[in-house]
Each structure stands twice: as structure tokens, then as C-alpha cells.
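Chemist: The structure is given below, and queries will be raised subsequently.
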Amino acid sequence: MIVDGGRLFARQLKKEGVEKIFTLCGGQIMPVIYGCRAEGIEVIDVRHENAGVYAADAYARSSGKPGVMLATVTPGAMQTMQGIFEARAAGSPVLVISASVGVGDFDTGAEQDMGMDTIAILRSNTLWAAKIFETERIPEYVSKAFRQMLGAAPGPVYLETPVNIMKARVEMDGVKFPDKPRFVQAFGDPARIAEAADLLAKAERPALVIGDAAVFTAEGGRAAVTELVAHLRMPVYAATMARGLFGDEDDVLFRVGEGALCEADVIVTLAAAMNFRLNNGNPPLINENARFVQIHPDVRMLGFNRAADVGIVAGAGAAARQLLEAVRERRAARTDDAWAKRAEALHAAYRAEWNAGYAADAGKPMHPARLAAEVGKFLNEEAPDWSVAADGGDAYEWILRAVRARAPGQIVGYGANGTIGVGQGFAMGLWLARGKPVLEYTGDGSIGFHLGEFDTMARFGMRVVCVISNDAQWGMVKLAETMRNADEVKDGYIATTLAERRYEKVAEALGGYGEYVEDLEEVIPAIKRAYASGKPAIVNVKVADGHPCPFTVLYGCGGRPLTKEEIAAYYAKS
């Protein structure tokens, strides 16, 4: 059978297990789109390449399978950059495929050539990038891309081929299609596992931290982590992507670990990066005298910011099974609940400011934390299987602490890169990965990046309800500036305020459903009506504008850290 290079791309993607791809069409990449149709791969066409990468990223994080985004020549490829950057920061395996001008048109001023070395640009932001110059070798390069992005440290990769190579026709029977490789996560060094088990067996106040990188190395480890936590009565703190991965947060131990780290005597980090979210491993969040067992598939992350007493290179699931077996050999199951109760009390103290926001009076306009609490109440009590796509600044922080995860891949939010505007893309990826209704929660600043994707959601029948916490400002920045740069803001705010817009009408115009809400008691009924419409929806909720979340108070937004005295004075005043 005579086929073009696009069909070869699609055939190898199919062999690699790809079921869906995201794209924004262009003439140069239509052969791949037609090839995917012929191979039975679903094609989801989006309104912006960047949103497509976000969707592929969320699909990967939630399903555990790599995501694929197909972009057209130079402008299209360049518009994937921020999405690739977010996937790189989160360690998410995403394959971006693009075309270039034909070989004979290099440096001739051809349409969309632009004289740009897209491979060099994309290579700087991916794990690996390559350009394909032979049609018959397309399957080989696709196979290489999968091996690269699913290595010990997963992440995004980029493939590009000139359009005349893409459209060249060859005999398919003469092309070699590599078999899908089988990836096996490495087990840890038994001697190091034994050292770690010795520390845990003797620990009086052990704690477990599960990092984002566990998502793609968790195979076979869910039961092991759950049993290890139960055996040691050990509190758990899970990063955003890892929430629900190994245990249901209805089990209190799986949601009280964050506040307990300040007194833990042995801390096991399972595929976690000791970055700013963990205060770089430092007090007051982390006990400075704690012993550390660091387990990560990427050796570079062992000792990162905080020295490891025991460092183990291994996949999260494999190491968890080893560690459980070794700990059971060394001690019986813990029956004393003293540390578990202390951990719960520490966590309650750690969350006191957050909980004060969630319990604020239901004024008009409402406190933004009360909105998050109301949405969290709906999800936790009435829609426990819905997916959650978190976006925004303060809105992101408020909602993440208001909801519970019960299953792997249920909650997706941006990683250490702090990218905003991901919400619609993440929501689309979650819908396609889990097939469950999606609650997108975002701020009015972040919603503006990719509003056009409500058209995509409508065309593909995606059941997404977006709740906007609308305070008519770039809240995290404006509120941080209020606290840290009083001399500047006394002359008025600049570049941090927005107008009160009726974003729900955009959803209606694009084939969806919309409601505007000002009263707290109408929030849950509006969400239910939005879902009952059967359309992608926006519930636009007006909230008060003067309530930064504790994360903003503590860390700011690019500003200097506040002193303890300044923080105390702020809360006393507010």
C-alpha cells in the first residue's frame, strides 16, 4: 500500500498506544490528521496551540499515558512554547509534532519559513528534539521520542519534518515499524532500601511526601503505599498531581501531612522535588532535625536543596513495594495513634488561616474563600467522582485546599512553573482522560487566556462546568503589591486591575451555558443547572477583592517575603 509520511506518523502513534491527539490544523500537517483518522485515533481540534498542549499535558497526568499535540509550521510550533514549558516543569510526557517548510525552500523566504531554527528553539525547552529528513524513518523517530519522554525523568519532546518529507509517498510494506517498547521502572538498591527501612522502623514521628513525578512511576505501588501508611500510622502530604494517586483523601492520614512535617523525625520523599512548595526542605515547614529518605527515579533530585540521609534511585511504585516489605520485617504494625492525632492537630494549626477564610461570613460580594468552600462542599459531598481543573492565582490556592481527591488523576493543577491560563486546556484533557464531569475553577484573569476553547468543548460535547472567582483584578499580584509596595500603590494601582465582565455570556455565544451569581446560596444550584444543561458552562461568581490567600500573604508574588511581625499585623488588621 502506498502511503504518505503522515500515515506513517499515525501508524506508529497507534503502535505506541496513542488513542487521541490534539491539534490546530494547517495544510502542512493535514497528512498526519488524515492518517490518524485512518488509524482510528481520535482528533480533537482546538482553538489555540498552547491550549492544545495544556490539554495533552492534563490528559497525560490524569491517564498516565503520553499526550500528543500536532501543530503546524513555524507560527503554530512557536505557540506551543508555554504549554511545553509547563509540561517540562511538571515532568509530564507530551509529544509535540510539527512540520517545517520543504527542504528545497530553506532560507528562501518561503511562506512561514521566517528563517527560524525551530528545532534549536524547541530543544532548549524539551528533553529531546529532532528533525526527520527521510520519510521511511518517521516511525523510528516516533519510537525514539516515546523512549525519551518516558525515561527516568519524564517530560516533553519535539519532532519536526519538512513538509515535502511529510507528504512524500512510500510503500508501507517496506517501512520498519518498531515494536512498542516495554518500560520497567527500576527497583531501588536493596542495601539502601534496608537503611531506609531501619530509619522508618525506629521512627516515632514518620511522614511521607509524594511528589508529582510519582504519577508516571507509580505502577503497582498504590496498595503498597496505602499499606505502608496504615502500618506506620504515617501522615501523608501529596503534591497536586499525586493527590489520590496512592490513597483516598477521605482517609485523614492522606490529607494531614503538610502541617505535620514541622515535627516529623523521619521524612520519606517519594518522587518529590524539594522545591519552593516544600520551602526547599527548610523550617518552618520542615523539621530541621528530620532524617530524610529521598526516593526518586531521577538521581539529580536526590539531595536537591536538602541533603538525603538515604538516597534511592527508583520508581515510586517499585520502591514502595520494597519499602513495605522491608518495614514489615522490622516492626509490627503501629497501634498507637498518638502521632496520627498530633499530626492532625498540627495540620489544623497550619491550616488555621485557610479555614478562617473558608468560614468567613457570607457577605455580598462574598469572600473568595467562601466561594471555594461552597464549591468544595458540592464536589466532596455530591460529586465525589468529578475531575477538578485548578487555575488562577489565589483562586487556585483556595480551591486546592477545599477539595479532596479520591482517585488517581482526579485533580490537575499547574506545577512549579506557576503557569496561569491552563484551565480550559486542563479541563479538556481531564474530560478525555477520565470521561467524568469536570469542574474547572479559575479566576477572572486566568479565564481570559483561552476563552475560545469553550467552542472546542461544545463541539466535542465535553461536560465541563467552569466556576470563575471574579474579583475584577489580577488578585495575587495586586494584593501582594498592596502588602509589600505601599509607597507605589498609594498613587493608585497600575496594570493589576480588570473590569467586571460577564464572561458567562461568552460561553453562551460559543454554544455553551452561562449564569452570573452574586449570592452564596445560589452557587451550588447554579452549578447543578449548568451541568443539567448538557453543555460546557461558565458560572461567573462575583467575589470581594481584598482577601489574599495565606500563600500570597506569606510568599507574595515576586515580592519580598513578609516578616512574622508584618504577617501578624496584616491578619490583625484584616
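By order in the C-alpha cells, chains are A, B, ...; within a chain, residues start at 1; ligands start at 1, following the order shown.
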So which bits of stretch 3-196 of chain A end up strand (DSSP E) when you DSSP the backbone, as a count of residues only?

Modeler: 34

Chemist: Do a neighbour search on A:Ile399 at 9 Å with only C-alpha atoms, toss out local chain neighbours closer than 2 positions, and write the hits as an MDAnalysis selection string.

Modeler: chainID A and resid 369 371:373 375:376 390 394:397 401:403 441:442

Chemist: Restricted to N, CA and C atoms, what would the selected residues look like written as an mmCIF file, in the first residue's frame?

Modeler:
```cif
data_model
loop_
_atom_site.group_PDB
_atom_site.id
_atom_site.type_symbol
_atom_site.label_atom_id
_atom_site.label_comp_id
_atom_site.auth_asym_id
_atom_site.auth_seq_id
_atom_site.Cartn_x
_atom_site.Cartn_y
_atom_site.Cartn_z
ATOM 1 N N ALA A 369 -12.766 32.880 49.524
ATOM 2 C CA ALA A 369 -12.593 31.568 50.150
ATOM 3 C C ALA A 369 -13.936 30.897 50.415
ATOM 4 N N LEU A 371 -16.510 31.112 48.499
ATOM 5 C CA LEU A 371 -16.894 30.513 47.222
ATOM 6 C C LEU A 371 -16.185 29.174 47.037
ATOM 7 N N ALA A 372 -14.866 29.143 47.278
ATOM 8 C CA ALA A 372 -14.112 27.892 47.138
ATOM 9 C C ALA A 372 -14.653 26.825 48.078
ATOM 10 N N ALA A 373 -14.998 27.226 49.302
ATOM 11 C CA ALA A 373 -15.539 26.271 50.264
ATOM 12 C C ALA A 373 -16.876 25.708 49.791
ATOM 13 N N VAL A 375 -17.952 25.465 46.633
ATOM 14 C CA VAL A 375 -17.689 24.565 45.508
ATOM 15 C C VAL A 375 -17.094 23.256 46.025
ATOM 16 N N GLY A 376 -16.163 23.378 46.993
ATOM 17 C CA GLY A 376 -15.594 22.173 47.587
ATOM 18 C C GLY A 376 -16.639 21.309 48.258
ATOM 19 N N ALA A 390 -7.697 23.059 38.213
ATOM 20 C CA ALA A 390 -7.468 24.269 39.009
ATOM 21 C C ALA A 390 -6.604 25.255 38.244
ATOM 22 N N ASP A 394 -4.730 33.280 43.485
ATOM 23 C CA ASP A 394 -5.387 32.961 44.750
ATOM 24 C C ASP A 394 -6.502 31.939 44.566
ATOM 25 N N ALA A 395 -7.245 32.032 43.453
ATOM 26 C CA ALA A 395 -8.335 31.081 43.211
ATOM 27 C C ALA A 395 -7.801 29.650 43.215
ATOM 28 N N TYR A 396 -6.649 29.454 42.605
ATOM 29 C CA TYR A 396 -6.008 28.129 42.553
ATOM 30 C C TYR A 396 -5.703 27.624 43.960
ATOM 31 N N GLU A 397 -5.089 28.481 44.765
ATOM 32 C CA GLU A 397 -4.702 28.065 46.109
ATOM 33 C C GLU A 397 -5.927 27.758 46.967
ATOM 34 N N ARG A 401 -7.199 23.457 48.417
ATOM 35 C CA ARG A 401 -7.314 23.044 49.818
ATOM 36 C C ARG A 401 -8.760 22.808 50.238
ATOM 37 N N ALA A 402 -9.692 23.108 49.356
ATOM 38 C CA ALA A 402 -11.108 22.923 49.672
ATOM 39 C C ALA A 402 -11.669 21.615 49.147
ATOM 40 N N VAL A 403 -10.927 20.917 48.289
ATOM 41 C CA VAL A 403 -11.452 19.692 47.681
ATOM 42 C C VAL A 403 -10.591 18.498 48.089
ATOM 43 N N TYR A 441 -12.030 25.450 37.993
ATOM 44 C CA TYR A 441 -12.117 26.565 38.940
ATOM 45 C C TYR A 441 -10.986 27.528 38.628
ATOM 46 N N THR A 442 -11.336 28.796 38.425
ATOM 47 C CA THR A 442 -10.326 29.743 37.965
ATOM 48 C C THR A 442 -10.675 31.156 38.403
#
```

Chemist: Neighbouring residues of A:Gly211 were defined as those with any atom within 8 Å, considering only C-alpha atoms; residues of the same chain fewer than 3 positions away were excluded. Please report them as a ChimeraX atom specification.

Modeler: /A:214,238-239,241-242,269-273

Chemist: Just write the chosen residues, N, CA and C atoms, as an mmCIF file, in the first residue's frame.

Modeler:
```
data_model
loop_
_atom_site.group_PDB
_atom_site.id
_atom_site.type_symbol
_atom_site.label_atom_id
_atom_site.label_comp_id
_atom_site.auth_asym_id
_atom_site.auth_seq_id
_atom_site.Cartn_x
_atom_site.Cartn_y
_atom_site.Cartn_z
ATOM 1 N N ALA A 214 5.771 10.994 40.805
ATOM 2 C CA ALA A 214 5.267 9.652 41.098
ATOM 3 C C ALA A 214 4.218 9.206 40.094
ATOM 4 N N ALA A 238 0.732 15.004 49.744
ATOM 5 C CA ALA A 238 0.882 14.707 48.314
ATOM 6 C C ALA A 238 0.817 15.995 47.516
ATOM 7 N N ALA A 239 1.763 16.164 46.590
ATOM 8 C CA ALA A 239 1.736 17.294 45.676
ATOM 9 C C ALA A 239 0.519 17.174 44.758
ATOM 10 N N MET A 241 -0.318 16.787 41.530
ATOM 11 C CA MET A 241 -0.532 15.687 40.588
ATOM 12 C C MET A 241 -0.637 14.342 41.292
ATOM 13 N N ALA A 242 -0.033 14.226 42.467
ATOM 14 C CA ALA A 242 -0.004 12.946 43.172
ATOM 15 C C ALA A 242 -1.190 12.739 44.089
ATOM 16 N N THR A 269 10.529 11.037 51.082
ATOM 17 C CA THR A 269 10.017 11.737 49.895
ATOM 18 C C THR A 269 10.004 10.744 48.738
ATOM 19 N N LEU A 270 8.836 10.554 48.184
ATOM 20 C CA LEU A 270 8.644 9.579 47.114
ATOM 21 C C LEU A 270 8.426 10.338 45.809
ATOM 22 N N ALA A 271 9.478 10.414 44.984
ATOM 23 C CA ALA A 271 9.432 11.106 43.690
ATOM 24 C C ALA A 271 9.038 12.569 43.843
ATOM 25 N N ALA A 272 9.534 13.213 44.900
ATOM 26 C CA ALA A 272 9.190 14.608 45.180
ATOM 27 C C ALA A 272 10.400 15.507 44.962
ATOM 28 N N ALA A 273 10.147 16.709 44.452
ATOM 29 C CA ALA A 273 11.192 17.726 44.306
ATOM 30 C C ALA A 273 11.142 18.645 45.526
#
```

Chemist: Hey, which of A:Lys202, A:Lys377, A:Arg404, A:Asn289 ends up closest to A:Tyr358? Count only C-alpha atoms.

Modeler: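 The answer is A:Lys377, which sits nearest to A:Tyr358.
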
Chemist: Hey, what's within 7 Å of stretch 53-55 of chain A if we count only C-alpha atoms and toss same-chain stuff fewer than 4 positions away? As JSON, numbers by chain, please?

Modeler: {"A": [49, 59, 69, 80, 83, 84, 422, 425, 426, 428, 429]}

Chemist: Suppose you want the space between atom CA of A:Pro284 and atom CA of A:Val209; what is it in Å?

Modeler: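 Straight-line distance from atom CA of A:Pro284 to atom CA of A:Val209 works out to 16.1 Å.
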
Chemist: Taking only C-alpha atoms into account, which of A:Met81, A:Ala348, A:Ala389, A:Leu228 comes nearest A:Arg321?

Modeler: A:Leu228

Chemist: With distances taken over only C-alpha atoms, which residue among A:Thr482, A:Gln322, A:Asn380, A:Ser469 lies nearest A:Ala196?

Modeler: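 Closest to A:Ala196, using only C-alpha atoms: A:Gln322.
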
Chemist: Show which residues sit within 7 Å of stretch 151-166 of chain A, as a ChimeraX atom specification. Count only C-alpha atoms, and ignore same-chain residues fewer than 4 positions away.

Modeler: /A:4-6,28,84,87-88,91-103,122,126-135,145,147,297-298

Chemist: What would the file look like if the residues just selected were written as a compact mmCIF listing (two decimals), in the first residue's frame with N, CA and C atoms?

Modeler:
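So the final result, stored in part_30.txt, reads:
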```
# COMPACT_ATOMS: atom_id res chain seq x y z
N ASP A 4 1.57 8.23 2.53
CA ASP A 4 2.46 9.36 2.75
C ASP A 4 3.04 9.32 4.17
N GLY A 5 3.92 10.27 4.44
CA GLY A 5 4.57 10.30 5.75
C GLY A 5 3.62 10.53 6.90
N GLY A 6 2.53 11.23 6.65
CA GLY A 6 1.55 11.46 7.70
C GLY A 6 0.94 10.17 8.20
N GLN A 28 0.19 21.93 6.06
CA GLN A 28 1.40 21.12 6.09
C GLN A 28 1.25 19.87 6.96
N ILE A 84 4.58 23.72 26.54
CA ILE A 84 5.74 22.82 26.68
C ILE A 84 6.49 23.14 27.96
N ALA A 87 4.66 21.62 30.85
CA ALA A 87 4.86 20.17 30.87
C ALA A 87 6.26 19.82 31.35
N ARG A 88 7.25 20.60 30.95
CA ARG A 88 8.63 20.35 31.38
C ARG A 88 8.75 20.53 32.88
N GLY A 91 7.16 17.63 34.62
CA GLY A 91 7.63 16.29 34.27
C GLY A 91 6.57 15.47 33.59
N SER A 92 5.83 16.10 32.67
CA SER A 92 4.71 15.44 32.01
C SER A 92 5.10 15.02 30.59
N PRO A 93 4.89 13.75 30.22
CA PRO A 93 5.30 13.28 28.89
C PRO A 93 4.33 13.73 27.80
N VAL A 94 4.74 14.73 27.04
CA VAL A 94 3.94 15.27 25.95
C VAL A 94 4.80 15.30 24.69
N LEU A 95 4.27 14.75 23.61
CA LEU A 95 4.93 14.79 22.31
C LEU A 95 4.29 15.88 21.46
N VAL A 96 5.10 16.85 21.04
CA VAL A 96 4.64 17.88 20.12
C VAL A 96 5.23 17.58 18.76
N ILE A 97 4.38 17.51 17.74
CA ILE A 97 4.80 17.23 16.37
C ILE A 97 4.48 18.43 15.51
N SER A 98 5.40 18.82 14.64
CA SER A 98 5.15 19.92 13.72
C SER A 98 5.83 19.63 12.39
N ALA A 99 5.56 20.49 11.43
CA ALA A 99 6.21 20.42 10.13
C ALA A 99 7.08 21.66 9.96
N SER A 100 7.86 21.67 8.92
CA SER A 100 8.61 22.87 8.55
C SER A 100 8.44 23.07 7.04
N VAL A 101 8.93 24.18 6.52
CA VAL A 101 8.90 24.34 5.07
C VAL A 101 9.71 23.24 4.42
N GLY A 102 9.47 23.01 3.15
CA GLY A 102 10.16 21.94 2.44
C GLY A 102 11.66 22.13 2.38
N VAL A 103 12.37 21.03 2.20
CA VAL A 103 13.84 21.06 2.18
C VAL A 103 14.35 22.06 1.15
N LEU A 122 12.99 24.85 20.21
CA LEU A 122 12.22 23.86 20.96
C LEU A 122 13.12 22.94 21.78
N THR A 126 12.73 21.31 25.82
CA THR A 126 12.24 19.94 25.85
C THR A 126 13.36 19.00 26.29
N LEU A 127 13.00 17.76 26.58
CA LEU A 127 14.02 16.77 26.90
C LEU A 127 14.84 16.38 25.67
N TRP A 128 14.19 16.48 24.49
CA TRP A 128 14.81 15.98 23.27
C TRP A 128 14.03 16.53 22.09
N ALA A 129 14.73 16.85 21.03
CA ALA A 129 14.08 17.35 19.81
C ALA A 129 14.85 16.84 18.60
N ALA A 130 14.13 16.53 17.54
CA ALA A 130 14.79 16.01 16.34
C ALA A 130 14.02 16.40 15.09
N LYS A 131 14.76 16.51 13.98
CA LYS A 131 14.16 16.79 12.68
C LYS A 131 14.35 15.57 11.78
N ILE A 132 13.28 15.19 11.09
CA ILE A 132 13.30 13.97 10.29
C ILE A 132 13.44 14.34 8.82
N PHE A 133 14.45 13.77 8.16
CA PHE A 133 14.71 14.10 6.77
C PHE A 133 14.45 12.95 5.81
N GLU A 134 14.02 11.80 6.32
CA GLU A 134 13.71 10.66 5.46
C GLU A 134 12.34 10.12 5.83
N THR A 135 11.47 10.04 4.85
CA THR A 135 10.09 9.62 5.12
C THR A 135 10.05 8.24 5.76
N ALA A 145 11.14 9.15 20.23
CA ALA A 145 10.50 10.20 21.02
C ALA A 145 9.82 9.62 22.26
N ARG A 147 10.57 6.82 23.82
CA ARG A 147 11.58 6.37 24.78
C ARG A 147 12.16 7.55 25.54
N PRO A 297 13.20 8.66 40.72
CA PRO A 297 13.77 8.00 39.54
C PRO A 297 14.89 8.80 38.89
N ASP A 298 14.96 10.09 39.20
CA ASP A 298 15.99 10.97 38.63
C ASP A 298 17.04 11.23 39.70
```

Chemist: Find the residues near stretch 507-511 of chain A: any atom within 8 Å, counting only C-alpha atoms, skip ones fewer than 6 places away on the same chain, and give them as a VMD selection string.

Modeler: chain A and resid 452 454 to 455 458 535 to 538

Chemist: Could you write those residues out with N, CA and C atoms, as a compact mmCIF listing (two decimals), in the first residue's frame?

Modeler:
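Writing the result to selection37.txt gives the following:
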```txt
# COMPACT_ATOMS: atom_id res chain seq x y z
N GLY A 452 -11.78 30.95 23.95
CA GLY A 452 -12.27 30.32 22.73
C GLY A 452 -12.41 28.82 22.83
N PHE A 454 -14.06 27.17 24.85
CA PHE A 454 -15.43 26.73 25.14
C PHE A 454 -16.14 26.30 23.85
N ASP A 455 -15.70 26.84 22.73
CA ASP A 455 -16.20 26.34 21.45
C ASP A 455 -15.75 24.90 21.23
N ALA A 458 -17.78 22.64 23.37
CA ALA A 458 -19.14 22.48 22.86
C ALA A 458 -19.17 21.53 21.66
N LYS A 535 -24.25 21.18 28.43
CA LYS A 535 -23.30 21.96 27.64
C LYS A 535 -22.12 22.39 28.51
N PRO A 536 -20.98 22.70 27.89
CA PRO A 536 -19.92 23.34 28.67
C PRO A 536 -20.44 24.67 29.20
N ALA A 537 -20.08 25.00 30.43
CA ALA A 537 -20.75 26.12 31.08
C ALA A 537 -19.78 26.99 31.87
N ILE A 538 -20.17 28.25 32.04
CA ILE A 538 -19.46 29.16 32.93
C ILE A 538 -20.45 29.67 33.97
```

Chemist: Give me, as a list in words, the residues of stretch 379-428 of chain A that a backbone DSSP run labels alpha helix (DSSP H).

Modeler: Leu379, Asn380, Glu381, Glu382, Asp394, Ala395, Tyr396, Glu397, Trp398, Ile399, Leu400, Gly423, Gln424, Gly425, Phe426, Ala427 and Met428 of chain A
